[in-house]
Amino acid sequence: MLAQQFVNAISLGGVYALFALGFTLVFGVLNVVNLAHGAVFMLGAYAALQAALSFHASLPVALLVAIGCSAGVGWLLDKLIFAPLRSRQAPHLAPMVATIGVAIVLTSLVEGFFGPENLRFPSEILPAATVNLAGVRVTWLELQIVSLAFLLMAVLFWGLKRTRDGRALRGLAESPKAAALMGVNVEALFRSTSAIASLLGGAAGVLIALYTNAVFPHMGQPMLHKGIAVVILGGMGDIRGALLGGFFLGFAEVFSVAYIGSTMRDAVAFGLLFIALLLRPEGLFGRAAQRRA
Amino acid sequence: MLRFLAVSKNFGGLQVLQDVSLAVPERGIFGLIGPNGAGKTTVFNLITGLLAPSAGTIEFFGERLNGLPPHQVTRLGIARTFQNIRLFKEMTLMENVAVAVASRPRYGALSALLPTARYREGERLEAERACELLARVGLLERAHRVAETLSYGEQRRLEIARALATEPKLLLLDEPTAGMNSAEKQQIMEEIVKLDESGLSVLIIEHDMRFIMELCREITVLNFGCVVAHGTPDEVRASTEVIEAYLGAEG
Amino acid sequence: MEWLESTWAIYGTLVLSLGTNVLLALSIYLTLACGMLTVANAAFMGIGAYTAGLLTVTAGMPFLLALFFGSLLPGLIALLIGPPTLRLSGVYLAMATLAFGEVVRILILNAEGITGGALGLNGIPQFAGWFDVALAVGLVLYVLLRLSRSRIGRAMRAISQDELATELMGLNVRAYKLFVFVSGGALAGLAGALNAHFTFFISPNEYGFERAVEILAMGVLGGTGSPWGAVIGGALITLLPELLRGLGHYRPVINGVILIGIILYSPRGIWDLLRTRRRSLRPSPVQ
């Protein structure tokens with residue numbers, strides 16, 4: 001039983017981590033609090049659902065469609081909103097408020113097209129088989145969710161560490177001016193970061209949708225909420241923090257529902273968060289220093 | 001008037017100042033020089049309360065400055081300008097100076113809420129004082145321009161006007177001529193002489209040797225966080241430690 | 001006068017909401033004008049709403065007295081959490097105040113015996129009329145306008161541009177920040193208390209993340225340069241959905257698009273736009 005909970009926690013934690021990674025990437029590199037991230041999460045779920053319903057796509061294909069759509073939205077987000085605001089040297093709250101508008105638009109469009117009801121994936125797409133792993137019964141689905149989450153994160157980390165663009169990205173997060181002076185194509189990198197971040201968010205959306213088998217227009221809101229909590233805890237703008245924070249939340253949720261009442265648990269969590277912030281505002285791994293030029 | 005007694009400052013393992021003692025009398029122009037990284041701006045930060053000393057005492061007219069919050073240090077009579085100009089860029093010149101004038105408020109906070117006579121009088125007095133100060137540095141005609149539209153030299157003069165608004169007895173100038181051409185430097189030099197004549201004490205951090213030598217009565221030289229020389233410009237010029245410290249640096 | 005009464009029957013709540021939203025926008029104007037990003041005002045609004053609502057419902061307290069306590073309590077709480085919280089800045093301050101807001105919401109949710117929990121508080125007497133709200137808005141706006149023109153307003157603008165330099169000009173920055181935080185909290189509480197007394201029913205979810213974001217949007221859209229910005233922002237957020245009512249299903253879409261459009265066109269808010277238009281038409285006065 002405990003092992004089963006453990007598997008649940010890993011799956012949930014992995015998805016939370018994916019979502020938080022996307023959110024923290026945009027903050028760390030573009031310095032924007034992207035309040036549309038929840039909406040992109042929701043879009044990913046709907047894109048996969050539509051692929052499955054209309055084209056009878058298999059799971060991998062639906063996933064690809066979702067990822068492609070989310071990345072596209074992220075790309076557009078930068079092109080249409082973040083970039084113009086950057087060039088006009090807008091105050092740093094302006095992009096955030098714009099993303100509020102984007103979230104409203106996306107959510108209502110989806111609600112308009114698909115209706116407000118809870119939709120489900122067709123049963124063919126959901127693998128029903130279970131696997132026995134060292135005495136624990138794990139569904140194929142959970143296995144796929146966990147592997148995909150880890151795969152995406154591994155690719156992300158590898159990309160940041162090894163590739164030229166990845167290193168440029170880290171440099172960009174530190175200091176855009178310095179990066180520009182070194183010949184980094186700052187604008188292109190901002191755009192691709194936004195795309196990647198949204199990709200992660202959309203992927204998280206599909207995975208959660210499969211996990212809970214529920215797709216509805218406002219599913220992004222509670223996720224955004226949790227994502228912010230994860231990122232606060234792990235440190236705004238820090239990748240490792242988002243990762244660890246996501247898993248921490250996954251474990252906390254799975255195990256506390258079992259052992260504590262669910263509503264007061266949130267109060268305790270946020271209360272501790274509040275106190276933790278007063279003591280260590282940067283979170284577990286956050287950058288303590290202010291961002292330089 | 002201002003006394004630094006065996007002041008040390010370290011950040012974790014990094015020793016920035018070691019056992020520094022210096023004294024600034026009540027009148028005159030004094031210099032603080034040394035190569036980059038010698039700790040000069042740290043001295044200013046310690047005086048103004050932005051940093052607290054790790055050891056030693058800082059006294060101003062006998063009062064201990066250690067641990068006082070910066071705004072109180074200013075109210076005691078010490079004002080400063082910054083190496084990288086920190087003006088309120090989007091406010092007008094008038095407003096920049098007026099903010100500092102308000103450190104000695106001419107009307108109470110409650111009076112601000114109603115259009116009382118006291119409020120009107122207070123605002124008028126503040127505006128008057130701000131104009132006075134702007135005129136003193138020759139910027140009165142531009143009073144309603146936004147600060148960031150000023151030239152570099154003009155911005156420095158505005159900074160001085162703003163610092164003067166707090167009615168200091170000691171003025172700390174952090175590299176006032178950085179980035180200026182010789183005409184602008186001449187102007188600043190004249191300003192500082194005028195300040196001295198008006199009874200202020202001025203402590204200047206500078207890299208321009210000619211500037212310092214011409215203006216200052218006494219100079220303290222720092223290197224690697226220690227005082228390596230102190231005396232009149234001639235004494236300092238002749239000191240071997242100073243020459244060593246500056247070997248390779250601009251002279 | 002019948003048309004007035006029937007108009008009021010339809011639009012009364014809207015007008016009253018306009019008033020309380022302007023108050024909320026003014027409450028966040030105070031902190032935004034100092035360059036502080038605090039998102040606790042929704043929580044303060046909730047505290048004020050529940051305090052005043054409970055006082056009138058269970059204790060039968062007179063309305064004005066309930067309003068007073070509805071503003072006092074959030075102010076006191078802000079005073080309590082202010083000093084440690086305001087040491088933070090930037091996003092960290094936002095996050096801390098967000099966490100605080102969450103704690104408040106969850107506490108209200110769980111104190112079922114007092115607050116009615118998730119079922120909310122019902123049957124709050126409809127004491128708040130247009131006069132109360134208009135008076136509140138008028139007074140607060142007047143005070144804040146005067147404040148923004150005085151040396152205190154200048155100090156606030158200076159703090160938003162460079163806290164350190166302001167401190168070194170001899171101004172007690174911490175005191176100013178605490179003052180705007182507490183005043184903002186009390187104002188938000190007042191708005192909540194008034195709001196509770198014309199909406200008849202309140203529940204914890206009204207004072208959560210969505211409300212906090214809405215308040216912030218009001219502040220940013222209107223512009224932080226002046227209290228008038230708050231008025232514009234509050235009015236916009238309240239009236240825009242109503243003006244778009246005819247568009248039916250896709251109304252929120254247009255709402256969101258307009259929001260985006262405004263920010264893109266004038267990132268510093270509408271007030272800034274109006275002000276630069278006016279400046280280019282008139283030469284600046286010589287004092």
# chains A, B, ... in the order shown; residues from 1 in each chain; ligands from 1
call {"tool": "interface_residues", "arguments": {"of": "chain C", "to": "chain A", "cutoff": "6 Å", "atoms": "only C-alpha atoms", "output": "PyMOL selection string"}}
result
chain C and resi 92+96+99+103+106+217+253+256+259-260+267
call {"tool": "write_last_selection", "arguments": {"atoms": "C-alpha atoms", "output": "CSV table (one decimal), in the first residue's frame"}}
result
chain,number,residue,atom,x,y,z
C,92,TYR,CA,9.4,37.9,-2.8
C,96,ALA,CA,4.8,36.4,0.8
C,99,ALA,CA,0.9,33.1,0.9
C,103,VAL,CA,-3.7,31.4,4.8
C,106,ILE,CA,-8.2,28.9,4.3
C,217,ALA,CA,-5.1,44.4,-12.7
C,253,VAL,CA,-13.0,36.8,-24.7
C,256,GLY,CA,-9.6,39.7,-22.1
C,259,LEU,CA,-7.3,44.0,-21.3
C,260,ILE,CA,-4.4,42.9,-23.5
C,267,PRO,CA,2.0,49.6,-20.6
call {"tool": "residues_around", "arguments": {"residues": "A:Arg164", "least_positions_apart": "5", "cutoff": "12 Å", "atoms": "only C-alpha atoms", "output": "list in words"}}
result
Trp158, Gly159, Leu169, Arg170, Gly171, Val184, Asn185 and Leu189 of chain A
call {"tool": "select_by_dssp", "arguments": {"residues": "stretch 45-114 of chain A", "states": "alpha helix (DSSP H)", "output": "PyMOL selection string"}}
result
chain A and resi 45-55+59-76+83-87+94-114
call {"tool": "closest_atom_pairs", "arguments": {"of": "chain B", "to": "chain C", "cutoff": "6 Å", "atoms": "only C-alpha atoms", "output": "CSV"}}
result
residue,atom,partner,partner_atom,distance
B:Pro70,CA,C:Leu168,CA,5.7
B:His71,CA,C:Gly170,CA,4.1
B:Thr74,CA,C:Gly170,CA,5.0
B:Arg75,CA,C:Gly170,CA,5.7
B:Phe88,CA,C:Gln161,CA,5.9
B:Val99,CA,C:Ala155,CA,5.9
B:Ala100,CA,C:Met169,CA,5.0
B:Ser103,CA,C:Gly170,CA,5.0
B:Ala112,CA,C:Ser150,CA,6.0
B:Leu113,CA,C:Val143,CA,5.6
call {"tool": "write_last_selection", "arguments": {"atoms": "C-alpha atoms", "output": "mmCIF file, in the first residue's frame"}}
result
data_model
loop_
_atom_site.group_PDB
_atom_site.id
_atom_site.type_symbol
_atom_site.label_atom_id
_atom_site.label_comp_id
_atom_site.auth_asym_id
_atom_site.auth_seq_id
_atom_site.Cartn_x
_atom_site.Cartn_y
_atom_site.Cartn_z
ATOM 1 C CA PRO B 70 20.727 55.820 7.120
ATOM 2 C CA HIS B 71 17.921 58.348 7.341
ATOM 3 C CA THR B 74 21.399 62.085 7.221
ATOM 4 C CA ARG B 75 19.327 63.992 9.735
ATOM 5 C CA PHE B 88 15.033 60.019 -9.248
ATOM 6 C CA VAL B 99 12.096 65.222 -1.716
ATOM 7 C CA ALA B 100 15.312 65.946 0.111
ATOM 8 C CA SER B 103 13.776 65.631 5.295
ATOM 9 C CA ALA B 112 -1.188 67.465 4.075
ATOM 10 C CA LEU B 113 -4.691 66.039 4.180
#
call {"tool": "atom_distance", "arguments": {"atom1": "atom CA of A:Gly202", "atom2": "atom CA of C:Pro252"}}
result
22.3 Å
call {"tool": "residues_around", "arguments": {"residues": "stretch 198-213 of chain B", "least_positions_apart": "6", "cutoff": "10 Å", "atoms": "only C-alpha atoms", "output": "PyMOL selection string"}}
result
chain B and resi 1-2+24-36+40-41+43-44+78-81+83+164+167-178+185-186+188-189+192+219-220+232-234+236-237+249-251
call {"tool": "atom_distance", "arguments": {"atom1": "atom CA of C:Ile262", "atom2": "atom CA of C:Ile237"}}
result
11.9 Å
call {"tool": "closest_residue", "arguments": {"among": "C:Ile124, C:Ala66, C:Leu264, C:Leu109", "to": "C:Phe201", "atoms": "only C-alpha atoms"}}
result
C:Ile124
call {"tool": "select_by_dssp", "arguments": {"residues": "stretch 13-202 of chain A", "states": "strand (DSSP E)", "output": "count of residues only"}}
result
8
call {"tool": "closest_residue", "arguments": {"among": "C:Leu79, C:Ala136, C:Val220, C:Ala235", "to": "C:Val182", "atoms": "only C-alpha atoms"}}
result
C:Leu79
call {"tool": "atom_distance", "arguments": {"atom1": "atom CA of B:Gly13", "atom2": "atom CA of B:Ser54"}}
result
12.0 Å
call {"tool": "residues_around", "arguments": {"residues": "A:Ala57", "least_positions_apart": "5", "cutoff": "9 Å", "atoms": "only C-alpha atoms", "output": "MDAnalysis selection string"}}
result
chainID A and resid 48 50:52 62 125
call {"tool": "write_last_selection", "arguments": {"atoms": "C-alpha atoms", "output": "PDB file, in the first residue's frame"}}
result
ATOM      1  CA  ALA A  48      -4.651  15.919 -26.862  1.00  0.00           C
ATOM      2  CA  GLN A  50      -9.299  16.664 -29.621  1.00  0.00           C
ATOM      3  CA  ALA A  51      -6.627  14.620 -31.364  1.00  0.00           C
ATOM      4  CA  ALA A  52      -7.906  11.501 -29.689  1.00  0.00           C
ATOM      5  CA  ALA A  62      -2.032  12.934 -29.086  1.00  0.00           C
ATOM      6  CA  ILE A 125      -6.573   5.627 -25.720  1.00  0.00           C
TER       7      ILE A 125
END
call {"tool": "residues_around", "arguments": {"residues": "stretch 224-231 of chain C", "least_positions_apart": "3", "cutoff": "9 Å", "atoms": "only C-alpha atoms", "output": "PyMOL selection string"}}
result
chain C and resi 21-30+32-33+141+144-145+148+157+218-221+234-236+268-272
call {"tool": "closest_residue", "arguments": {"among": "C:Met36, C:Ala196, C:Ile114, C:Ile258", "to": "C:Thr85", "atoms": "only C-alpha atoms"}}
result
C:Met36
call {"tool": "residues_around", "arguments": {"residues": "A:Ala17", "least_positions_apart": "4", "cutoff": "6 Å", "atoms": "only C-alpha atoms", "output": "MDAnalysis selection string"}}
result
chainID A and resid 13 21 242:243 246
call {"tool": "write_last_selection", "arguments": {"atoms": "C-alpha atoms", "output": "compact mmCIF listing (two decimals), in the first residue's frame"}}
result
# COMPACT_ATOMS: atom_id res chain seq x y z
CA GLY A 13 5.14 15.09 -8.30
CA LEU A 21 9.64 24.16 -14.50
CA ALA A 242 11.04 23.88 -9.28
CA LEU A 243 11.94 20.24 -9.70
CA GLY A 246 7.15 19.82 -7.54
